[in-house]
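Novice: start-v9.txt (compact mmCIF, C-alpha atoms and all ligand atoms) pasted underneath:
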# COMPACT_ATOMS: atom_id res chain seq x y z
CA MET S 1 99.80 137.47 140.95
CA LYS S 2 102.78 137.43 138.56
CA LYS S 3 103.02 133.67 139.01
CA THR S 4 99.33 133.17 138.13
CA TRP S 5 99.81 135.19 134.93
CA LYS S 6 102.81 133.10 134.02
CA ILE S 7 100.86 129.84 134.51
CA LEU S 8 97.91 131.21 132.52
CA SER S 9 100.11 132.27 129.60
CA VAL S 10 101.86 128.87 129.47
CA ALA S 11 98.44 127.15 129.54
CA LEU S 12 97.19 129.43 126.75
CA ILE S 13 100.25 128.67 124.61
CA LEU S 14 99.73 124.92 125.16
CA VAL S 15 96.04 125.19 124.20
CA LEU S 16 96.94 127.13 121.05
CA LEU S 17 99.63 124.60 120.11
CA ALA S 18 97.22 121.67 120.56
CA ALA S 19 94.54 123.41 118.48
CA GLY S 20 97.11 124.16 115.77
CA ALA S 21 98.21 120.52 115.70
CA GLY S 22 94.58 119.37 115.44
CA LEU S 23 93.96 121.74 112.54
CA TRP S 24 97.13 120.56 110.80
CA ARG S 25 96.10 116.93 111.23
CA ARG S 26 92.63 117.61 109.87
CA GLN S 27 94.10 119.44 106.88
CA LYS S 28 96.42 116.51 106.22
CA GLU S 29 93.52 114.11 106.52
CA ALA S 30 91.50 116.18 104.10
CA GLN S 31 94.39 115.87 101.66
CA GLY S 32 94.25 112.13 102.25
CA GLN S 33 97.79 112.06 103.57
CA GLU S 34 97.21 110.95 107.08
CA LYS S 35 94.10 108.87 107.16
CA THR S 36 94.15 106.49 110.05
CA ALA S 37 91.46 104.20 108.63
CA ILE S 38 90.15 103.19 105.22
CA ARG S 39 86.89 101.50 104.31
CA LEU S 40 86.75 99.18 101.31
CA GLY S 41 83.74 97.33 99.91
CA ILE S 42 84.33 93.93 98.31
CA LEU S 43 81.43 92.85 96.11
CA LEU S 44 81.42 89.20 94.99
CA TYR S 45 79.31 87.77 92.16
CA ARG S 46 78.87 84.51 94.12
CA GLY S 47 80.39 83.86 97.49
CA ASP S 48 80.39 80.07 97.11
CA ASP S 49 82.46 80.02 93.92
CA THR S 50 85.62 78.14 94.94
CA PHE S 51 88.15 80.33 93.14
CA ILE S 52 86.45 83.54 94.28
CA SER S 53 86.22 82.42 97.89
CA ASN S 54 89.97 81.72 97.80
CA VAL S 55 90.61 85.24 96.50
CA ARG S 56 88.32 86.59 99.23
CA GLN S 57 90.37 84.83 101.91
CA ALA S 58 93.57 86.17 100.41
CA LEU S 59 92.09 89.69 100.43
CA GLU S 60 91.35 89.38 104.14
CA GLU S 61 94.96 88.30 104.72
CA GLN S 62 96.20 91.29 102.72
CA ALA S 63 94.10 93.65 104.82
CA LYS S 64 95.50 92.21 108.07
CA GLY S 65 99.08 92.42 106.83
CA TYR S 66 98.54 95.99 105.66
CA GLU S 67 97.14 97.05 109.04
CA GLN S 68 100.16 95.60 110.82
CA GLU S 69 102.61 97.17 108.40
CA THR S 70 101.12 100.65 108.17
CA GLY S 71 99.09 101.07 111.35
CA ILE S 72 96.17 102.14 109.13
CA LYS S 73 92.96 100.44 110.14
CA VAL S 74 91.16 98.63 107.31
CA VAL S 75 87.42 98.05 107.33
CA LEU S 76 86.57 95.39 104.72
CA THR S 77 82.89 94.91 104.03
CA ILE S 78 82.32 91.82 101.91
CA GLU S 79 78.99 91.31 100.13
CA ASP S 80 77.70 88.32 98.14
CA ALA S 81 75.41 89.17 95.19
CA LYS S 82 74.36 85.53 94.76
CA GLU S 83 74.47 86.03 91.00
CA SER S 84 72.01 88.93 90.93
CA GLN S 85 73.17 92.15 89.29
CA ASN S 86 70.28 94.06 90.91
CA THR S 87 71.37 92.90 94.35
CA GLN S 88 74.94 93.89 93.58
CA ASN S 89 73.89 97.33 92.34
CA SER S 90 72.02 97.94 95.62
CA GLN S 91 75.05 96.75 97.61
CA ALA S 92 77.25 99.20 95.71
CA GLU S 93 74.77 102.06 96.20
CA ARG S 94 74.62 101.42 99.94
CA LEU S 95 78.40 101.37 100.41
CA ILE S 96 78.77 104.48 98.26
CA SER S 97 76.13 106.29 100.32
CA LEU S 98 77.94 105.25 103.51
CA GLY S 99 81.05 107.02 102.22
CA TYR S 100 83.25 103.98 101.53
CA ASP S 101 86.65 104.97 100.13
CA ALA S 102 86.81 102.45 97.25
CA LEU S 103 84.99 99.41 95.90
CA CYS S 104 86.50 96.14 94.65
CA VAL S 105 83.93 94.60 92.35
CA ASN S 106 83.63 91.06 90.97
CA ILE S 107 80.73 92.12 88.76
CA VAL S 108 77.86 89.70 88.13
CA ASP S 109 77.08 90.78 84.58
CA ARG S 110 80.18 92.16 82.92
CA SER S 111 78.19 93.77 80.11
CA THR S 112 76.23 96.08 82.42
CA ALA S 113 78.92 97.78 84.50
CA SER S 114 78.06 101.29 83.34
CA GLY S 115 75.20 101.76 85.87
CA MET S 116 77.44 101.03 88.82
CA ILE S 117 80.24 103.08 87.29
CA ASP S 118 77.92 106.11 86.98
CA ASP S 119 77.00 105.89 90.67
CA ALA S 120 80.62 105.50 91.76
CA MET S 121 81.76 108.31 89.50
CA SER S 122 79.23 110.82 90.74
CA ALA S 123 80.22 110.07 94.33
CA GLY S 124 83.95 110.06 93.47
CA VAL S 125 84.43 106.47 94.70
CA PRO S 126 87.09 104.58 92.69
CA VAL S 127 86.39 101.00 91.58
CA VAL S 128 88.78 98.08 91.15
CA PHE S 129 87.01 95.41 89.10
CA PHE S 130 88.43 91.91 89.28
CA ASN S 131 88.07 88.47 87.66
CA ARG S 132 85.00 89.43 85.61
CA GLU S 133 86.17 92.07 83.18
CA PRO S 134 83.81 94.90 82.19
CA VAL S 135 83.86 95.80 78.51
CA GLU S 136 86.65 98.19 77.56
CA GLU S 137 84.21 100.96 76.66
CA ASP S 138 82.92 100.95 80.27
CA LEU S 139 86.39 100.83 81.80
CA ASN S 140 87.24 103.90 79.76
CA LEU S 141 84.39 105.93 81.27
CA TRP S 142 86.54 107.26 84.13
CA GLU S 143 90.22 107.29 85.04
CA LYS S 144 89.55 105.83 88.50
CA LEU S 145 88.48 102.42 87.18
CA TYR S 146 90.86 99.44 87.25
CA TYR S 147 90.86 95.76 86.40
CA VAL S 148 92.78 92.89 87.99
CA GLY S 149 92.65 89.42 86.44
CA ALA S 150 94.47 86.48 84.92
CA ASP S 151 94.90 86.59 81.17
CA ALA S 152 92.51 84.01 79.71
CA LYS S 153 94.57 83.29 76.60
CA GLU S 154 97.66 82.68 78.70
CA SER S 155 95.77 80.24 80.98
CA ALA S 156 94.53 78.35 77.93
CA VAL S 157 97.89 78.14 76.18
CA LEU S 158 99.46 76.83 79.39
CA GLN S 159 96.62 74.31 79.77
CA GLY S 160 96.97 73.15 76.14
CA ASN S 161 100.71 72.77 76.62
CA ILE S 162 100.27 70.41 79.58
CA VAL S 163 98.52 67.91 77.30
CA ALA S 164 100.61 68.62 74.20
CA GLU S 165 103.87 68.05 76.08
CA ALA S 166 102.60 64.80 77.60
CA TYR S 167 101.52 63.65 74.14
CA GLN S 168 104.85 64.55 72.56
CA LYS S 169 106.71 62.62 75.26
CA ASP S 170 104.46 59.58 75.09
CA PRO S 171 101.51 59.64 72.65
CA ARG S 172 99.91 56.59 74.29
CA SER S 173 99.64 58.42 77.61
CA ILE S 174 97.03 60.69 75.96
CA ASP S 175 95.77 58.60 73.00
CA LEU S 176 94.86 55.81 75.37
CA ASP S 177 93.67 53.25 72.79
CA GLY S 178 96.37 54.19 70.29
CA ASP S 179 93.94 54.65 67.39
CA GLY S 180 95.58 57.90 66.28
CA LYS S 181 92.75 60.07 67.66
CA VAL S 182 92.32 61.69 71.05
CA ASN S 183 88.61 61.69 71.90
CA TYR S 184 87.85 64.59 74.19
CA VAL S 185 84.93 66.21 75.99
CA LEU S 186 84.83 69.87 76.92
CA LEU S 187 83.48 71.48 80.10
CA GLU S 188 82.83 75.20 79.69
CA GLY S 189 82.23 78.06 82.14
CA GLU S 190 79.46 80.67 81.89
CA THR S 191 78.82 81.77 78.32
CA SER S 192 78.81 85.43 79.35
CA HIS S 193 82.27 85.22 80.97
CA GLN S 194 85.24 86.44 78.96
CA ASP S 195 87.35 83.53 80.26
CA SER S 196 85.12 80.73 78.91
CA LEU S 197 85.30 81.39 75.18
CA ILE S 198 88.93 82.47 75.16
CA ARG S 199 90.07 79.52 77.29
CA THR S 200 88.24 77.03 75.09
CA GLU S 201 89.48 78.52 71.84
CA TRP S 202 93.14 78.76 72.83
CA SER S 203 93.34 75.49 74.63
CA ILE S 204 92.12 73.61 71.54
CA GLN S 205 94.32 75.71 69.25
CA THR S 206 97.40 74.99 71.38
CA LEU S 207 96.68 71.27 71.39
CA MET S 208 96.30 71.22 67.62
CA GLU S 209 99.46 73.23 67.12
CA GLY S 210 101.20 70.82 69.50
CA GLY S 211 100.33 67.95 67.14
CA VAL S 212 97.63 66.28 69.26
CA PRO S 213 95.11 64.59 66.89
CA LEU S 214 91.94 65.83 68.58
CA GLU S 215 88.46 64.49 68.02
CA LYS S 216 85.61 66.13 69.92
CA LEU S 217 82.98 63.78 71.30
CA THR S 218 80.84 66.40 72.97
CA GLY S 219 80.89 69.40 75.28
CA GLY S 220 78.63 71.43 77.53
CA ILE S 221 78.29 74.47 79.76
CA ALA S 222 78.56 73.79 83.48
CA ASN S 223 78.92 77.44 84.61
CA TRP S 224 82.16 76.80 86.57
CA GLU S 225 80.23 74.49 88.91
CA ARG S 226 81.38 71.14 90.20
CA SER S 227 77.88 69.68 90.56
CA GLN S 228 76.73 70.77 87.09
CA ALA S 229 79.89 69.33 85.53
CA SER S 230 79.41 66.10 87.39
CA VAL S 231 75.89 65.68 85.95
CA LEU S 232 77.16 66.32 82.41
CA MET S 233 80.11 63.95 82.77
CA GLU S 234 77.87 61.21 84.09
CA GLN S 235 75.69 61.50 80.97
CA TRP S 236 78.71 61.48 78.68
CA LEU S 237 80.27 58.45 80.35
CA GLU S 238 77.05 56.58 79.72
CA GLN S 239 76.70 57.92 76.18
CA PHE S 240 80.31 57.19 75.17
CA PRO S 241 81.33 54.15 77.23
CA GLY S 242 85.07 53.53 77.18
CA GLN S 243 85.61 56.24 74.55
CA ILE S 244 86.50 59.42 76.45
CA GLU S 245 90.27 59.89 76.63
CA LEU S 246 90.57 63.51 77.66
CA VAL S 247 88.48 66.06 79.60
CA ILE S 248 89.35 69.69 78.94
CA SER S 249 87.79 71.84 81.61
CA ASN S 250 87.68 75.64 81.74
CA ASN S 251 88.34 75.47 85.52
CA ASP S 252 89.31 73.13 88.34
CA ASP S 253 85.90 72.90 89.97
CA MET S 254 84.31 71.47 86.82
CA ALA S 255 87.29 69.11 86.44
CA LEU S 256 86.58 67.94 90.01
CA GLY S 257 82.94 67.41 89.00
CA ALA S 258 84.11 65.13 86.18
CA ILE S 259 86.20 63.16 88.69
CA ASP S 260 83.17 62.90 91.01
CA ALA S 261 81.12 61.38 88.16
CA MET S 262 83.83 58.83 87.39
CA GLU S 263 84.06 57.87 91.05
CA ARG S 264 80.28 57.58 91.32
CA LEU S 265 80.11 55.28 88.30
CA GLU S 266 83.24 53.46 89.46
CA ILE S 267 84.94 54.07 86.12
CA LEU S 268 88.56 53.08 86.33
CA ASP S 269 89.60 54.24 82.81
CA LYS S 270 92.70 56.44 82.93
CA ILE S 271 90.93 59.45 81.45
CA ASN S 272 93.18 62.53 81.50
CA ILE S 273 91.61 65.64 82.99
CA VAL S 274 92.99 69.17 82.88
CA GLY S 275 91.70 72.24 84.71
CA ILE S 276 92.57 75.88 85.37
CA ASP S 277 92.82 77.90 88.65
CA GLY S 278 95.10 75.78 90.83
CA THR S 279 92.68 75.98 93.76
CA PRO S 280 93.71 74.03 96.89
CA GLN S 281 91.03 71.45 95.96
CA GLY S 282 92.46 71.21 92.43
CA VAL S 283 96.00 70.81 93.74
CA GLN S 284 94.84 68.06 96.07
CA ALA S 285 93.28 66.17 93.14
CA LEU S 286 96.54 66.59 91.28
CA GLU S 287 98.48 65.15 94.19
CA ARG S 288 96.08 62.21 94.32
CA GLY S 289 96.82 61.59 90.64
CA LYS S 290 93.24 62.42 89.58
CA LEU S 291 94.14 65.48 87.51
CA LEU S 292 96.79 65.52 84.80
CA GLY S 293 97.42 69.21 85.37
CA THR S 294 96.11 72.67 86.09
CA VAL S 295 97.14 76.29 85.61
CA GLN S 296 97.52 78.26 88.79
CA SER S 297 97.14 81.98 89.08
CA ASP S 298 98.94 83.26 92.13
CA ARG S 299 96.09 84.15 94.46
CA THR S 300 98.32 86.06 96.89
CA GLU S 301 99.50 88.25 94.03
CA TYR S 302 95.91 88.53 92.77
CA ALA S 303 94.70 89.76 96.15
CA TYR S 304 97.80 91.94 96.65
CA ALA S 305 97.06 93.81 93.43
CA ILE S 306 93.34 94.30 94.13
CA PHE S 307 93.94 95.37 97.73
CA HIS S 308 96.87 97.69 97.12
CA ILE S 309 95.27 99.47 94.19
CA ALA S 310 92.15 100.04 96.30
CA ALA S 311 94.09 101.09 99.41
CA ALA S 312 96.20 103.56 97.43
CA LEU S 313 93.07 105.08 95.89
CA ALA S 314 91.39 105.24 99.30
CA LEU S 315 94.33 107.28 100.56
CA GLY S 316 94.32 109.54 97.51
CA GLN S 317 97.63 108.05 96.34
CA ASP S 318 98.70 106.91 92.89
CA PRO S 319 98.11 103.12 92.60
CA GLU S 320 100.97 102.88 90.12
CA GLU S 321 103.32 103.44 93.04
CA ALA S 322 102.04 100.17 94.50
CA VAL S 323 101.75 98.00 91.38
CA GLU S 324 102.67 98.18 87.72
CA LEU S 325 99.63 98.72 85.50
CA GLU S 326 99.12 98.15 81.80
CA LYS S 327 97.67 101.24 80.08
CA GLY S 328 97.27 102.70 83.60
CA THR S 329 94.24 100.44 84.16
CA TYR S 330 94.98 96.69 83.96
CA TYR S 331 96.93 94.38 86.24
CA TRP S 332 97.53 90.80 84.97
CA THR S 333 98.55 88.19 87.53
CA HIS S 334 101.24 85.59 86.86
CA GLN S 335 100.25 82.01 86.11
CA LYS S 336 102.09 78.70 86.15
CA THR S 337 101.37 75.11 85.20
CA LEU S 338 101.16 72.37 87.80
CA THR S 339 101.41 68.77 86.61
CA ARG S 340 101.54 65.46 88.37
C1 LIG S 401 87.21 82.21 86.45
C2 LIG S 401 87.65 81.02 87.28
C3 LIG S 401 86.43 80.22 87.63
C4 LIG S 401 85.38 81.09 88.30
C5 LIG S 401 85.10 82.33 87.48
C6 LIG S 401 84.16 83.26 88.21
O1 LIG S 401 88.33 83.00 86.12
O2 LIG S 401 88.53 80.23 86.56
O3 LIG S 401 86.77 79.14 88.47
O4 LIG S 401 85.84 81.44 89.56
O5 LIG S 401 86.29 82.99 87.16
O6 LIG S 401 84.04 84.48 87.60
Written as structure tokens, that's how I'd like the structure from this file.
Ligand code: GAL
Specialist:
Amino acid sequence: MKKTWKILSVALILVLLAAGAGLWRRQKEAQGQEKTAIRLGILLYRGDDTFISNVRQALEEQAKGYEQETGIKVVLTIEDAKESQNTQNSQAERLISLGYDALCVNIVDRSTASGMIDDAMSAGVPVVFFNREPVEEDLNLWEKLYYVGADAKESAVLQGNIVAEAYQKDPRSIDLDGDGKVNYVLLEGETSHQDSLIRTEWSIQTLMEGGVPLEKLTGGIANWERSQASVLMEQWLEQFPGQIELVISNNDDMALGAIDAMERLEILDKINIVGIDGTPQGVQALERGKLLGTVQSDRTEYAYAIFHIAAALALGQDPEEAVELEKGTYYWTHQKTLTR
């Protein structure tokens, strides 16, 4: 009888201990300290954009590395808005209603972020915007909004310097016919994108300050797209035969489009072409001697910043312990020039 009581009491103590541990774990989880899994939504403006799909891949790598390092399971749900803000708003609403811990948003229309921000704010879901920067007024609506990107002015100054330095070393390498003028054409990204205008303005400014005697032949908007740029370049090559000396492109994909047009028309002129992004495709063109140079933003660092800010927020931690932020909101990735 005594023995049975003893066994029963030990069992009771064990049950109580287990229940206590469960309660403690749940309390910790509620405080966000011991979550064993996080769910992050990644919303892309266009999944087939080359630069963005590279960042997406790097984000997936970050998530894997993080799982291995911390033992915390990461659910990444990646959605493609195919350039529709309405589609993207519905994707955000759905993930918010499913209780996702944070969203990483490459917003379609950077001037209309406030709708999505309102939804996220009322549900308490933090948002890390990236690459397409919402207006400052919107980013100031809530303290749990962040932005990760590459500084457009810096990209442009670095791009301008690639050409200016080549010109200073050997003017004839840029002014191909030696007439004292460098005839250029300009390929621009989307008009609504903060990077397009700033990159164009500062690239030209840097070239002028670097003493390159620029003369614009023409320019056009190719919305970051290789095929659109290729159509424009083909027209320009026909319109200005033998005259184009330099192609300044707001990104690598459009620079590749210009190369495609030259190859299609079998133009062997040594036209210099510069891009921005440093995508693997851009780097390959550089190695083949088709590009004069490009400006690379470190995509591993880019993805590291987006992922770690989001993961910290998902766990209720301070993202500034993971990365250094400007004004508590912005993270700017490092960039470097690559030349042939
Ligand atoms: C730019 C990038 C482009 C394109 C665009 C999309 O920063 O240079 O290639 O990806 O973002 O928003």
Novice: Contacts of Asp119 (chain S) at 10 Å or less, counting all atoms listed in the file, minus same-chain residues fewer than 5 places along, as JSON, numbers by chain?
Specialist: {"S": [89, 92, 93, 96, 97, 114, 124, 125]}
Novice: Using only C-alpha atoms and all ligand atoms, find each residue with an atom at most 7 Å away from ligand LIG 401 (chain S) and format the answer as a PyMOL selection string.
Specialist: chain S and resi 49-52+131-132+193+195+224+250-253+276-277
Novice: Restrict the selected residues to C-alpha atoms and save them as a PDB file, keeping the file's coordinate frame.
Specialist:
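Resulting contents of again.pdb:
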ATOM      1  CA  ASP S  49      82.460  80.020  93.920  1.00  0.00           C
ATOM      2  CA  THR S  50      85.620  78.140  94.940  1.00  0.00           C
ATOM      3  CA  PHE S  51      88.150  80.330  93.140  1.00  0.00           C
ATOM      4  CA  ILE S  52      86.450  83.540  94.280  1.00  0.00           C
ATOM      5  CA  ASN S 131      88.070  88.470  87.660  1.00  0.00           C
ATOM      6  CA  ARG S 132      85.000  89.430  85.610  1.00  0.00           C
ATOM      7  CA  HIS S 193      82.270  85.220  80.970  1.00  0.00           C
ATOM      8  CA  ASP S 195      87.350  83.530  80.260  1.00  0.00           C
ATOM      9  CA  TRP S 224      82.160  76.800  86.570  1.00  0.00           C
ATOM     10  CA  ASN S 250      87.680  75.640  81.740  1.00  0.00           C
ATOM     11  CA  ASN S 251      88.340  75.470  85.520  1.00  0.00           C
ATOM     12  CA  ASP S 252      89.310  73.130  88.340  1.00  0.00           C
ATOM     13  CA  ASP S 253      85.900  72.900  89.970  1.00  0.00           C
ATOM     14  CA  ILE S 276      92.570  75.880  85.370  1.00  0.00           C
ATOM     15  CA  ASP S 277      92.820  77.900  88.650  1.00  0.00           C
TER      16      ASP S 277
END
Novice: Which of these residues is nearest to Gln194 (chain S), using all atoms listed in the file: S:Arg264, S:Lys144, S:Arg110, S:Arg94?
Specialist: S:Arg110
Novice: Would you mind listing what lies within 10 Å of Gln91 (chain S) as a PDB file with C-alpha atoms, in the frame of the given file, with all atoms listed in the file counted and same-chain residues fewer than 2 positions away left out?
Specialist:
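Contents of the output file out.pdb:
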ATOM      1  CA  GLY S  41      83.740  97.330  99.910  1.00  0.00           C
ATOM      2  CA  ILE S  42      84.330  93.930  98.310  1.00  0.00           C
ATOM      3  CA  LEU S  43      81.430  92.850  96.110  1.00  0.00           C
ATOM      4  CA  ILE S  78      82.320  91.820 101.910  1.00  0.00           C
ATOM      5  CA  GLU S  79      78.990  91.310 100.130  1.00  0.00           C
ATOM      6  CA  ASP S  80      77.700  88.320  98.140  1.00  0.00           C
ATOM      7  CA  ALA S  81      75.410  89.170  95.190  1.00  0.00           C
ATOM      8  CA  GLN S  85      73.170  92.150  89.290  1.00  0.00           C
ATOM      9  CA  ASN S  86      70.280  94.060  90.910  1.00  0.00           C
ATOM     10  CA  THR S  87      71.370  92.900  94.350  1.00  0.00           C
ATOM     11  CA  GLN S  88      74.940  93.890  93.580  1.00  0.00           C
ATOM     12  CA  ASN S  89      73.890  97.330  92.340  1.00  0.00           C
ATOM     13  CA  GLU S  93      74.770 102.060  96.200  1.00  0.00           C
ATOM     14  CA  ARG S  94      74.620 101.420  99.940  1.00  0.00           C
ATOM     15  CA  LEU S  95      78.400 101.370 100.410  1.00  0.00           C
ATOM     16  CA  ILE S  96      78.770 104.480  98.260  1.00  0.00           C
ATOM     17  CA  SER S  97      76.130 106.290 100.320  1.00  0.00           C
TER      18      SER S  97
END
Novice: If you measure from CA of Leu40 (chain S) to CA of Ala102 (chain S), what distance in Å do you get, rounded to one decimal?
Specialist: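 That distance, rounded to one decimal, is 5.2 Å.
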Novice: Residues around (90.8, 97.7, 77.6), cut-off 12 Å, counting all atoms listed in the file - what are they as a PyMOL selection string?
Specialist: chain S and resi 133-141+145-148+325-331
Novice: Take the residues from that selection and write them out as a PDB file, in the frame of the given file, keeping C-alpha atoms.
Specialist:
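Now in selection_6.pdb:
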ATOM      1  CA  GLU S 133      86.170  92.070  83.180  1.00  0.00           C
ATOM      2  CA  PRO S 134      83.810  94.900  82.190  1.00  0.00           C
ATOM      3  CA  VAL S 135      83.860  95.800  78.510  1.00  0.00           C
ATOM      4  CA  GLU S 136      86.650  98.190  77.560  1.00  0.00           C
ATOM      5  CA  GLU S 137      84.210 100.960  76.660  1.00  0.00           C
ATOM      6  CA  ASP S 138      82.920 100.950  80.270  1.00  0.00           C
ATOM      7  CA  LEU S 139      86.390 100.830  81.800  1.00  0.00           C
ATOM      8  CA  ASN S 140      87.240 103.900  79.760  1.00  0.00           C
ATOM      9  CA  LEU S 141      84.390 105.930  81.270  1.00  0.00           C
ATOM     10  CA  LEU S 145      88.480 102.420  87.180  1.00  0.00           C
ATOM     11  CA  TYR S 146      90.860  99.440  87.250  1.00  0.00           C
ATOM     12  CA  TYR S 147      90.860  95.760  86.400  1.00  0.00           C
ATOM     13  CA  VAL S 148      92.780  92.890  87.990  1.00  0.00           C
ATOM     14  CA  LEU S 325      99.630  98.720  85.500  1.00  0.00           C
ATOM     15  CA  GLU S 326      99.120  98.150  81.800  1.00  0.00           C
ATOM     16  CA  LYS S 327      97.670 101.240  80.080  1.00  0.00           C
ATOM     17  CA  GLY S 328      97.270 102.700  83.600  1.00  0.00           C
ATOM     18  CA  THR S 329      94.240 100.440  84.160  1.00  0.00           C
ATOM     19  CA  TYR S 330      94.980  96.690  83.960  1.00  0.00           C
ATOM     20  CA  TYR S 331      96.930  94.380  86.240  1.00  0.00           C
TER      21      TYR S 331
END
Novice: List every protein, DNA or RNA residue that has at least one atom no more than 9 Å from (98.2, 80.4, 87.2) in the file's coordinates, counting only C-alpha atoms, and write the result as a PyMOL selection string.
Specialist: chain S and resi 150+154-155+158+276-278+294-299+333-338
